[in-house]
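The file data.txt contains compact mmCIF, C-alpha atoms:
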```txt
# COMPACT_ATOMS: atom_id res chain seq x y z
CA MET A 1124 -35.13 5.35 -19.63
CA ALA A 1125 -34.12 6.92 -22.94
CA GLY A 1126 -30.49 6.39 -23.79
CA ASN A 1127 -30.06 3.41 -21.49
CA ASP A 1128 -28.61 0.52 -23.52
CA THR A 1129 -30.02 -2.10 -21.13
CA ASP A 1130 -33.55 -0.75 -21.40
CA SER A 1131 -33.23 -0.39 -25.16
CA SER A 1132 -32.03 -3.99 -25.47
CA LEU A 1133 -34.91 -5.22 -23.32
CA ALA A 1134 -37.41 -3.19 -25.34
CA ASP A 1135 -35.97 -4.59 -28.56
CA THR A 1136 -36.19 -8.15 -27.21
CA ILE A 1137 -39.82 -7.70 -26.21
CA ALA A 1138 -40.63 -6.22 -29.61
CA LEU A 1139 -38.87 -9.16 -31.28
CA LEU A 1140 -40.81 -11.68 -29.19
CA TRP A 1141 -44.11 -10.16 -30.30
CA SER A 1142 -43.14 -9.73 -33.96
CA ASP A 1143 -44.17 -11.88 -36.94
CA HIS A 1144 -41.88 -14.91 -36.83
CA SER A 1145 -43.18 -16.44 -40.08
CA ARG A 1146 -42.01 -13.59 -42.34
CA PRO A 1147 -38.84 -14.28 -44.39
CA VAL A 1148 -35.83 -12.27 -43.20
CA GLY A 1149 -33.18 -11.17 -45.69
CA ARG A 1150 -32.38 -12.85 -48.99
CA SER A 1151 -32.13 -16.39 -47.63
CA GLY A 1152 -35.89 -16.78 -47.33
CA ARG A 1153 -35.40 -18.13 -43.83
CA THR A 1154 -37.69 -17.02 -41.01
CA ILE A 1155 -37.32 -16.43 -37.29
CA ASN A 1156 -39.29 -19.66 -36.86
CA ASP A 1157 -36.59 -21.51 -38.84
CA PHE A 1158 -33.86 -19.82 -36.78
CA VAL A 1159 -35.43 -20.70 -33.42
CA SER A 1160 -36.19 -24.27 -34.49
CA ALA A 1161 -32.57 -24.83 -35.55
CA ALA A 1162 -31.27 -23.39 -32.26
CA THR A 1163 -33.67 -25.49 -30.17
CA GLU A 1164 -32.80 -28.70 -32.02
CA LEU A 1165 -29.13 -27.94 -31.41
CA VAL A 1166 -29.40 -27.47 -27.64
CA ARG A 1167 -31.69 -30.48 -27.24
CA ALA A 1168 -29.08 -32.63 -28.96
CA GLU A 1169 -25.85 -31.12 -27.64
CA GLY A 1170 -26.70 -28.92 -24.65
CA LEU A 1171 -26.82 -25.19 -24.11
CA GLU A 1172 -23.03 -24.85 -24.18
CA ALA A 1173 -23.07 -25.84 -27.88
CA LEU A 1174 -25.25 -22.87 -28.85
CA SER A 1175 -23.52 -20.46 -31.23
CA MET A 1176 -24.56 -18.29 -34.13
CA ARG A 1177 -21.94 -20.00 -36.31
CA VAL A 1178 -23.37 -23.49 -35.76
CA ILE A 1179 -26.95 -22.29 -36.28
CA ALA A 1180 -25.89 -20.55 -39.49
CA ALA A 1181 -24.38 -23.82 -40.75
CA ARG A 1182 -27.60 -25.65 -39.97
CA LEU A 1183 -29.64 -23.04 -41.83
CA GLY A 1184 -27.24 -22.74 -44.73
CA VAL A 1185 -26.66 -19.00 -44.27
CA ARG A 1186 -23.66 -16.83 -43.41
CA THR A 1187 -22.92 -16.37 -39.71
CA MET A 1188 -23.49 -12.62 -39.88
CA ALA A 1189 -26.91 -13.24 -41.43
CA THR A 1190 -28.10 -14.83 -38.18
CA TYR A 1191 -28.00 -11.42 -36.50
CA SER A 1192 -30.86 -10.40 -38.79
CA PHE A 1193 -33.03 -12.89 -36.89
CA ALA A 1194 -31.87 -11.91 -33.38
CA PRO A 1195 -29.32 -9.28 -32.32
CA GLY A 1196 -27.49 -11.62 -29.95
CA LYS A 1197 -27.60 -14.73 -27.78
CA ALA A 1198 -29.80 -13.16 -25.06
CA ALA A 1199 -32.51 -12.32 -27.59
CA LEU A 1200 -32.15 -15.76 -29.17
CA LEU A 1201 -32.60 -17.46 -25.79
CA ALA A 1202 -35.69 -15.36 -25.12
CA LEU A 1203 -37.14 -16.54 -28.44
CA MET A 1204 -36.27 -20.17 -27.67
CA VAL A 1205 -37.74 -20.09 -24.18
CA ASP A 1206 -40.97 -18.51 -25.34
CA ARG A 1207 -41.32 -20.91 -28.26
CA VAL A 1208 -40.94 -24.00 -26.07
CA TYR A 1209 -44.00 -22.86 -24.07
CA ALA A 1210 -46.23 -22.98 -27.16
CA GLY A 1211 -48.95 -25.62 -27.17
CA LEU A 1212 -48.26 -26.81 -23.63
CA TYR A 1213 -51.93 -27.79 -23.19
CA PRO A 1214 -52.97 -29.48 -26.45
CA ASP A 1215 -56.02 -31.08 -24.80
CA GLY A 1216 -57.42 -27.73 -23.66
CA ALA A 1217 -57.31 -25.75 -20.44
CA PRO A 1218 -56.93 -27.71 -17.16
CA PRO A 1219 -59.97 -27.96 -14.85
CA HIS A 1220 -60.72 -25.04 -12.55
CA GLY A 1221 -63.30 -24.08 -9.92
CA ARG A 1222 -64.15 -27.02 -7.66
CA ASN A 1223 -61.65 -29.14 -9.62
CA TRP A 1224 -58.77 -26.70 -9.10
CA ARG A 1225 -56.63 -29.33 -7.36
CA GLN A 1226 -56.83 -31.64 -10.37
CA GLY A 1227 -56.22 -28.68 -12.65
CA LEU A 1228 -53.14 -27.53 -10.76
CA SER A 1229 -51.82 -31.10 -10.77
CA LEU A 1230 -52.13 -31.14 -14.56
CA VAL A 1231 -50.31 -27.80 -14.72
CA ALA A 1232 -47.46 -29.20 -12.61
CA GLU A 1233 -47.28 -32.39 -14.68
CA ALA A 1234 -47.22 -30.50 -17.99
CA ASN A 1235 -44.42 -28.21 -16.82
CA HIS A 1236 -42.48 -31.10 -15.28
CA ARG A 1237 -42.60 -32.97 -18.60
CA LEU A 1238 -41.61 -29.82 -20.46
CA PHE A 1239 -38.48 -29.33 -18.35
CA LEU A 1240 -37.55 -33.01 -18.56
CA ALA A 1241 -37.80 -32.85 -22.35
CA ASN A 1242 -35.80 -29.61 -22.47
CA ALA A 1243 -33.00 -29.89 -19.92
CA TRP A 1244 -31.48 -26.67 -21.32
CA LEU A 1245 -34.51 -24.64 -20.26
CA THR A 1246 -33.54 -24.25 -16.59
CA ALA A 1247 -30.28 -22.47 -17.40
CA ALA A 1248 -31.72 -20.55 -20.37
CA ARG A 1249 -34.59 -18.86 -18.52
CA PRO A 1250 -33.74 -15.37 -17.28
CA ALA A 1251 -34.62 -14.50 -13.68
CA ARG A 1252 -36.80 -11.69 -15.05
CA SER A 1253 -38.67 -12.98 -18.07
CA PRO A 1254 -39.49 -10.55 -20.89
CA MET A 1255 -42.80 -12.45 -21.19
CA GLY A 1256 -43.33 -13.35 -24.82
CA PRO A 1257 -46.74 -14.21 -26.29
CA HIS A 1258 -46.55 -17.96 -25.63
CA GLU A 1259 -45.53 -17.44 -22.01
CA ILE A 1260 -48.35 -14.92 -21.51
CA GLU A 1261 -50.84 -17.38 -23.01
CA LYS A 1262 -49.49 -20.16 -20.78
CA ASN A 1263 -49.73 -17.90 -17.73
CA GLU A 1264 -53.32 -16.97 -18.54
CA VAL A 1265 -54.36 -20.62 -18.82
CA GLU A 1266 -52.62 -21.57 -15.57
CA LEU A 1267 -53.94 -18.65 -13.53
CA ALA A 1268 -57.47 -19.51 -14.66
CA VAL A 1269 -57.20 -22.75 -12.66
CA LEU A 1270 -57.01 -20.66 -9.46
CA GLU A 1271 -59.57 -18.03 -10.39
CA GLY A 1272 -62.53 -17.74 -8.01
CA ILE A 1273 -61.44 -20.41 -5.49
CA GLY A 1274 -60.88 -18.04 -2.57
CA LEU A 1275 -57.38 -16.71 -3.13
CA THR A 1276 -56.35 -13.09 -3.51
CA ASP A 1277 -54.61 -12.08 -6.74
CA PHE A 1278 -51.27 -12.05 -4.91
CA GLU A 1279 -51.93 -15.53 -3.48
CA MET A 1280 -52.90 -16.82 -6.94
CA GLU A 1281 -49.59 -15.59 -8.33
CA GLN A 1282 -47.59 -17.04 -5.43
CA ALA A 1283 -49.41 -20.39 -5.43
CA LEU A 1284 -48.84 -20.85 -9.16
CA ALA A 1285 -45.19 -19.81 -8.83
CA ALA A 1286 -44.62 -22.35 -6.03
CA VAL A 1287 -46.08 -25.18 -8.11
CA LEU A 1288 -44.14 -24.18 -11.25
CA ASN A 1289 -40.89 -23.83 -9.30
CA HIS A 1290 -41.37 -27.29 -7.82
CA ALA A 1291 -42.06 -28.78 -11.25
CA ALA A 1292 -38.97 -27.13 -12.74
CA HIS A 1293 -36.68 -27.88 -9.79
CA THR A 1294 -37.49 -31.57 -9.54
CA ALA A 1295 -37.16 -31.90 -13.32
CA ALA A 1296 -33.74 -30.22 -13.18
CA LEU A 1297 -32.61 -32.61 -10.42
CA ARG A 1298 -33.84 -35.55 -12.43
CA SER A 1299 -32.13 -34.31 -15.61
CA GLY A 1300 -28.89 -33.84 -13.70
CA LEU A 1301 -29.18 -37.34 -12.34
CA LEU A 1302 -29.75 -38.78 -15.83
CA ALA A 1303 -26.70 -36.90 -17.11
CA GLU A 1304 -24.61 -38.21 -14.21
CA ARG A 1305 -25.78 -41.76 -14.83
CA GLU A 1306 -24.79 -41.45 -18.48
CA LYS A 1307 -21.40 -39.93 -17.62
CA THR A 1308 -20.45 -42.48 -14.94
CA GLY A 1309 -22.21 -45.50 -16.38
CA LEU A 1310 -23.65 -46.20 -12.94
CA GLY A 1311 -27.36 -46.69 -12.41
CA ASP A 1312 -28.73 -46.01 -8.93
CA PRO A 1313 -28.38 -49.64 -7.72
CA GLU A 1314 -24.77 -49.76 -8.95
CA TRP A 1315 -24.05 -46.38 -7.34
CA TRP A 1316 -25.35 -47.61 -3.98
CA ARG A 1317 -23.36 -50.84 -4.21
CA GLU A 1318 -20.19 -48.81 -4.72
CA ALA A 1319 -20.94 -46.09 -2.15
CA MET A 1320 -22.59 -48.03 0.65
CA PRO A 1321 -19.58 -50.03 1.94
CA GLN A 1322 -17.63 -46.79 2.33
CA LEU A 1323 -20.52 -44.95 3.98
CA GLU A 1324 -21.20 -47.80 6.39
CA ARG A 1325 -17.52 -47.81 7.36
CA LEU A 1326 -17.22 -44.01 7.81
CA VAL A 1327 -20.63 -42.83 9.02
CA ASP A 1328 -21.24 -43.75 12.65
CA PRO A 1329 -25.02 -44.13 13.25
CA ARG A 1330 -24.50 -43.23 16.90
CA ARG A 1331 -23.20 -39.83 15.85
CA PHE A 1332 -25.74 -39.33 13.03
CA PRO A 1333 -28.77 -41.36 14.19
CA LEU A 1334 -31.40 -39.42 12.26
CA THR A 1335 -29.46 -39.45 9.01
CA ALA A 1336 -28.88 -43.17 9.31
CA ARG A 1337 -32.48 -44.04 10.21
CA VAL A 1338 -34.30 -41.66 7.86
CA GLY A 1339 -31.86 -42.21 5.01
CA GLN A 1340 -32.28 -45.96 5.19
CA ALA A 1341 -36.08 -45.71 5.31
CA ALA A 1342 -36.26 -43.18 2.47
CA THR A 1343 -33.91 -45.17 0.27
CA ALA A 1344 -35.99 -48.29 0.83
CA ALA A 1345 -39.23 -46.43 0.05
CA ARG A 1346 -37.74 -45.05 -3.17
CA GLN A 1347 -36.35 -48.50 -3.98
CA GLY A 1348 -32.92 -46.93 -4.22
CA GLU A 1349 -33.94 -44.36 -6.81
CA PHE A 1350 -32.81 -40.74 -6.56
CA TRP A 1351 -35.19 -37.87 -7.41
CA GLY A 1352 -37.77 -39.80 -9.34
CA GLU A 1353 -41.51 -39.61 -9.68
CA LYS A 1354 -42.09 -40.16 -5.96
CA ALA A 1355 -40.19 -36.98 -5.04
CA PHE A 1356 -42.14 -34.92 -7.56
CA ARG A 1357 -45.49 -36.31 -6.42
CA PHE A 1358 -44.82 -35.96 -2.70
CA GLY A 1359 -43.79 -32.31 -2.99
CA LEU A 1360 -46.70 -31.48 -5.29
CA GLU A 1361 -49.28 -33.02 -2.96
CA ARG A 1362 -47.91 -31.09 0.03
CA LEU A 1363 -48.08 -27.84 -1.95
CA LEU A 1364 -51.69 -28.56 -2.91
CA ASP A 1365 -52.48 -29.40 0.73
CA GLY A 1366 -51.07 -26.04 1.76
CA ILE A 1367 -53.15 -24.13 -0.80
CA GLU A 1368 -56.25 -26.05 0.29
CA ALA A 1369 -55.56 -25.25 3.94
CA LEU A 1370 -55.14 -21.56 3.10
CA ILE A 1371 -58.53 -21.49 1.38
CA ALA A 1372 -60.24 -23.48 4.15
CA GLY A 1373 -58.90 -21.11 6.81
CA ARG A 1374 -60.82 -18.13 5.39
```
Once more with this new file: its structure as structure tokens, please.
Amino acid sequence: MAGNDTDSSLADTIALLWSDHSRPVGRSGRTINDFVSAATELVRAEGLEALSMRVIAARLGVRTMATYSFAPGKAALLALMVDRVYAGLYPDGAPPHGRNWRQGLSLVAEANHRLFLANAWLTAARPARSPMGPHEIEKNEVELAVLEGIGLTDFEMEQALAAVLNHAAHTAALRSGLLAEREKTGLGDPEWWREAMPQLERLVDPRRFPLTARVGQAATAARQGEFWGEKAFRFGLERLLDGIEALIAGR
């Protein structure tokens, strides 16, 4: 709506996402590509909380106020960063589709899982309602193509892809959090269990919590004591694919 600052800001962000990022901005000769690369390198190294226009300006060798020529604020900058990180997600070409949709969707999940593991900042940086920059649109097009013509409605295609992507992102976020906790405490999973288990065995009565005791022990043994690793990602993914397959078969 005309005159609405929120709508204007969103429109400006979308226009910025789809603009030429290789063109020099201002007298520094720096480009939006340079700006986004510096910001992304910063958050990969120091986390999202370290992101500031002042620090990026120092990395680029420009005045702090000059950074606002590249993006009007942090929200627009994050939109640029999120969209850029999606670029080139499938360097080996589009995943399989048609009869091989299950393999294709597995590759989609794996690529996104790796992406979120490599960019732990991405979970917090993504807005709930994405402005959909060019790299995200391209990514979406490639991923939806995996599900095209396999017996799903357009709505089901969108929902199935969203479920797989959410699982990939969520399990990666859990794993990243676990890695950060390990680094902070200095305790690997075996060490954590050795410290926690005597207390749990003393306080948790298996007669009161029989299922927790039995299932927890079995699951911990199956995971070899590891929290939220590859097994958790794979198990959830396979069950999602089973559900999609059952939906198609039930037609």
For Arg1182 in chain A, work out the shell of residues within 7 Å, counting all atoms listed in the file and skipping chain neighbours fewer than 3 positions away, then give it as a count of residues only.
-> 3
Leaving out Glu1264 in chain A and any residue of its chain fewer than 2 positions from it, which residues lie within 12 Å of it when counting all atoms listed in the file, given as a list in words?
->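 These residues fall inside the cut-off: Tyr1213, Ala1217, Pro1218, Val1231, Met1255, Pro1257, His1258, Glu1259, Ile1260, Glu1261, Lys1262, Glu1266, Leu1267, Ala1268, Val1269, Leu1270, Glu1271, Met1280, Glu1281 and Leu1284 of chain A.
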Deliver the residues from the most recent selection as a file, using C-alpha atoms, as a PDB file, in the frame of the given file.
```
ATOM      1  CA  TYR A1213     -51.930 -27.790 -23.190  1.00  0.00           C
ATOM      2  CA  ALA A1217     -57.310 -25.750 -20.440  1.00  0.00           C
ATOM      3  CA  PRO A1218     -56.930 -27.710 -17.160  1.00  0.00           C
ATOM      4  CA  VAL A1231     -50.310 -27.800 -14.720  1.00  0.00           C
ATOM      5  CA  MET A1255     -42.800 -12.450 -21.190  1.00  0.00           C
ATOM      6  CA  PRO A1257     -46.740 -14.210 -26.290  1.00  0.00           C
ATOM      7  CA  HIS A1258     -46.550 -17.960 -25.630  1.00  0.00           C
ATOM      8  CA  GLU A1259     -45.530 -17.440 -22.010  1.00  0.00           C
ATOM      9  CA  ILE A1260     -48.350 -14.920 -21.510  1.00  0.00           C
ATOM     10  CA  GLU A1261     -50.840 -17.380 -23.010  1.00  0.00           C
ATOM     11  CA  LYS A1262     -49.490 -20.160 -20.780  1.00  0.00           C
ATOM     12  CA  GLU A1266     -52.620 -21.570 -15.570  1.00  0.00           C
ATOM     13  CA  LEU A1267     -53.940 -18.650 -13.530  1.00  0.00           C
ATOM     14  CA  ALA A1268     -57.470 -19.510 -14.660  1.00  0.00           C
ATOM     15  CA  VAL A1269     -57.200 -22.750 -12.660  1.00  0.00           C
ATOM     16  CA  LEU A1270     -57.010 -20.660  -9.460  1.00  0.00           C
ATOM     17  CA  GLU A1271     -59.570 -18.030 -10.390  1.00  0.00           C
ATOM     18  CA  MET A1280     -52.900 -16.820  -6.940  1.00  0.00           C
ATOM     19  CA  GLU A1281     -49.590 -15.590  -8.330  1.00  0.00           C
ATOM     20  CA  LEU A1284     -48.840 -20.850  -9.160  1.00  0.00           C
TER      21      LEU A1284
END
```
Using all atoms listed in the file, which of A:Asn1242, A:Asn1263, A:Thr1308, A:Ser1253 sits nearest Ala1292 in chain A?
->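 Once distances to Ala1292 in chain A are computed over all atoms listed in the file, the minimum belongs to A:Asn1242.
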Near-range 1195-1203 of chain A list (7 Å; all atoms listed in the file; drop same-chain fewer than 2 positions) as number ranges by chain | A: 1136, 1140, 1159, 1191-1193, 1205-1207, 1248
Which of these residues is nearest to Ala1189 in chain A, using all atoms listed in the file: A:Arg1222, A:Arg1153, A:Arg1362, A:Arg1167?
-> A:Arg1153
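CA of Thr1294 in chain A sits 28.6 Å away from CA of Gly1272 in chain A.
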Shell around Ser1299 in chain A at 7 Å using all atoms listed in the file, local window under 4 positions removed, as a CSV table (one decimal) with C-alpha atoms, in the frame of the given file:
```csv
chain,number,residue,atom,x,y,z
A,1240,LEU,CA,-37.6,-33.0,-18.6
A,1243,ALA,CA,-33.0,-29.9,-19.9
A,1295,ALA,CA,-37.2,-31.9,-13.3
A,1303,ALA,CA,-26.7,-36.9,-17.1
```
Which is closest to His1144 in chain A among A:Ser1175, A:Gly1311, A:Leu1334, A:Ala1194, if we use only C-alpha atoms?
-> A:Ala1194
From the set A:Arg1225, A:Arg1186, A:Arg1237, A:Arg1249, which residue has the shortest atom-to-atom contact distance to Gly1366 in chain A, counting all atoms listed in the file?
->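 That would be A:Arg1225, the residue with the smallest distance to Gly1366 in chain A.
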So, counting only C-alpha atoms, which residue among A:Thr1335, A:Arg1317, A:Leu1301, A:Leu1275 is closest to Ala1369 in chain A?
-> A:Leu1275
Could you add whatever atoms are missing so that range 1292-1309 of chain A carries N, CA, C and O atoms, then write the result as a PDB file, in the coordinates of the input?
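So the final result, stored in out_6.pdb, reads:
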```pdb
ATOM      1  N   ALA A1292     -40.240 -27.389 -12.052  1.00  0.00           N
ATOM      2  CA  ALA A1292     -38.970 -27.130 -12.740  1.00  0.00           C
ATOM      3  C   ALA A1292     -37.792 -27.670 -11.942  1.00  0.00           C
ATOM      4  O   ALA A1292     -36.863 -28.264 -12.513  1.00  0.00           O
ATOM      5  N   HIS A1293     -37.811 -27.464 -10.623  1.00  0.00           N
ATOM      6  CA  HIS A1293     -36.680 -27.880  -9.790  1.00  0.00           C
ATOM      7  C   HIS A1293     -36.515 -29.393  -9.771  1.00  0.00           C
ATOM      8  O   HIS A1293     -35.398 -29.910  -9.936  1.00  0.00           O
ATOM      9  N   THR A1294     -37.601 -30.113  -9.586  1.00  0.00           N
ATOM     10  CA  THR A1294     -37.490 -31.570  -9.540  1.00  0.00           C
ATOM     11  C   THR A1294     -37.109 -32.131 -10.912  1.00  0.00           C
ATOM     12  O   THR A1294     -36.397 -33.139 -10.991  1.00  0.00           O
ATOM     13  N   ALA A1295     -37.562 -31.472 -11.982  1.00  0.00           N
ATOM     14  CA  ALA A1295     -37.160 -31.900 -13.320  1.00  0.00           C
ATOM     15  C   ALA A1295     -35.664 -31.665 -13.533  1.00  0.00           C
ATOM     16  O   ALA A1295     -34.965 -32.497 -14.130  1.00  0.00           O
ATOM     17  N   ALA A1296     -35.157 -30.518 -13.040  1.00  0.00           N
ATOM     18  CA  ALA A1296     -33.740 -30.220 -13.180  1.00  0.00           C
ATOM     19  C   ALA A1296     -32.889 -31.232 -12.406  1.00  0.00           C
ATOM     20  O   ALA A1296     -31.841 -31.686 -12.892  1.00  0.00           O
ATOM     21  N   LEU A1297     -33.323 -31.592 -11.202  1.00  0.00           N
ATOM     22  CA  LEU A1297     -32.610 -32.610 -10.420  1.00  0.00           C
ATOM     23  C   LEU A1297     -32.593 -33.945 -11.151  1.00  0.00           C
ATOM     24  O   LEU A1297     -31.569 -34.637 -11.206  1.00  0.00           O
ATOM     25  N   ARG A1298     -33.733 -34.281 -11.724  1.00  0.00           N
ATOM     26  CA  ARG A1298     -33.840 -35.550 -12.430  1.00  0.00           C
ATOM     27  C   ARG A1298     -32.980 -35.557 -13.700  1.00  0.00           C
ATOM     28  O   ARG A1298     -32.320 -36.546 -14.015  1.00  0.00           O
ATOM     29  N   SER A1299     -32.966 -34.419 -14.412  1.00  0.00           N
ATOM     30  CA  SER A1299     -32.130 -34.310 -15.610  1.00  0.00           C
ATOM     31  C   SER A1299     -30.655 -34.408 -15.255  1.00  0.00           C
ATOM     32  O   SER A1299     -29.871 -35.053 -15.958  1.00  0.00           O
ATOM     33  N   GLY A1300     -30.275 -33.747 -14.161  1.00  0.00           N
ATOM     34  CA  GLY A1300     -28.890 -33.840 -13.700  1.00  0.00           C
ATOM     35  C   GLY A1300     -28.502 -35.249 -13.336  1.00  0.00           C
ATOM     36  O   GLY A1300     -27.379 -35.701 -13.613  1.00  0.00           O
ATOM     37  N   LEU A1301     -29.426 -35.957 -12.720  1.00  0.00           N
ATOM     38  CA  LEU A1301     -29.180 -37.340 -12.340  1.00  0.00           C
ATOM     39  C   LEU A1301     -29.009 -38.217 -13.587  1.00  0.00           C
ATOM     40  O   LEU A1301     -28.105 -39.063 -13.648  1.00  0.00           O
ATOM     41  N   LEU A1302     -29.862 -37.995 -14.590  1.00  0.00           N
ATOM     42  CA  LEU A1302     -29.750 -38.780 -15.830  1.00  0.00           C
ATOM     43  C   LEU A1302     -28.420 -38.519 -16.513  1.00  0.00           C
ATOM     44  O   LEU A1302     -27.786 -39.438 -17.035  1.00  0.00           O
ATOM     45  N   ALA A1303     -27.984 -37.235 -16.507  1.00  0.00           N
ATOM     46  CA  ALA A1303     -26.700 -36.900 -17.110  1.00  0.00           C
ATOM     47  C   ALA A1303     -25.551 -37.552 -16.355  1.00  0.00           C
ATOM     48  O   ALA A1303     -24.578 -38.040 -16.950  1.00  0.00           O
ATOM     49  N   GLU A1304     -25.656 -37.585 -15.025  1.00  0.00           N
ATOM     50  CA  GLU A1304     -24.610 -38.210 -14.210  1.00  0.00           C
ATOM     51  C   GLU A1304     -24.572 -39.709 -14.437  1.00  0.00           C
ATOM     52  O   GLU A1304     -23.490 -40.314 -14.503  1.00  0.00           O
ATOM     53  N   ARG A1305     -25.743 -40.323 -14.549  1.00  0.00           N
ATOM     54  CA  ARG A1305     -25.780 -41.760 -14.830  1.00  0.00           C
ATOM     55  C   ARG A1305     -25.094 -42.070 -16.158  1.00  0.00           C
ATOM     56  O   ARG A1305     -24.322 -43.031 -16.278  1.00  0.00           O
ATOM     57  N   GLU A1306     -25.388 -41.233 -17.162  1.00  0.00           N
ATOM     58  CA  GLU A1306     -24.790 -41.450 -18.480  1.00  0.00           C
ATOM     59  C   GLU A1306     -23.274 -41.246 -18.434  1.00  0.00           C
ATOM     60  O   GLU A1306     -22.513 -42.004 -19.054  1.00  0.00           O
ATOM     61  N   LYS A1307     -22.834 -40.245 -17.699  1.00  0.00           N
ATOM     62  CA  LYS A1307     -21.400 -39.930 -17.620  1.00  0.00           C
ATOM     63  C   LYS A1307     -20.627 -41.012 -16.885  1.00  0.00           C
ATOM     64  O   LYS A1307     -19.527 -41.405 -17.311  1.00  0.00           O
ATOM     65  N   THR A1308     -21.171 -41.509 -15.775  1.00  0.00           N
ATOM     66  CA  THR A1308     -20.450 -42.480 -14.940  1.00  0.00           C
ATOM     67  C   THR A1308     -20.718 -43.921 -15.350  1.00  0.00           C
ATOM     68  O   THR A1308     -19.942 -44.819 -15.000  1.00  0.00           O
ATOM     69  N   GLY A1309     -21.831 -44.139 -16.038  1.00  0.00           N
ATOM     70  CA  GLY A1309     -22.210 -45.500 -16.380  1.00  0.00           C
ATOM     71  C   GLY A1309     -22.811 -46.269 -15.224  1.00  0.00           C
ATOM     72  O   GLY A1309     -23.023 -47.479 -15.320  1.00  0.00           O
TER      73      GLY A1309
END
```
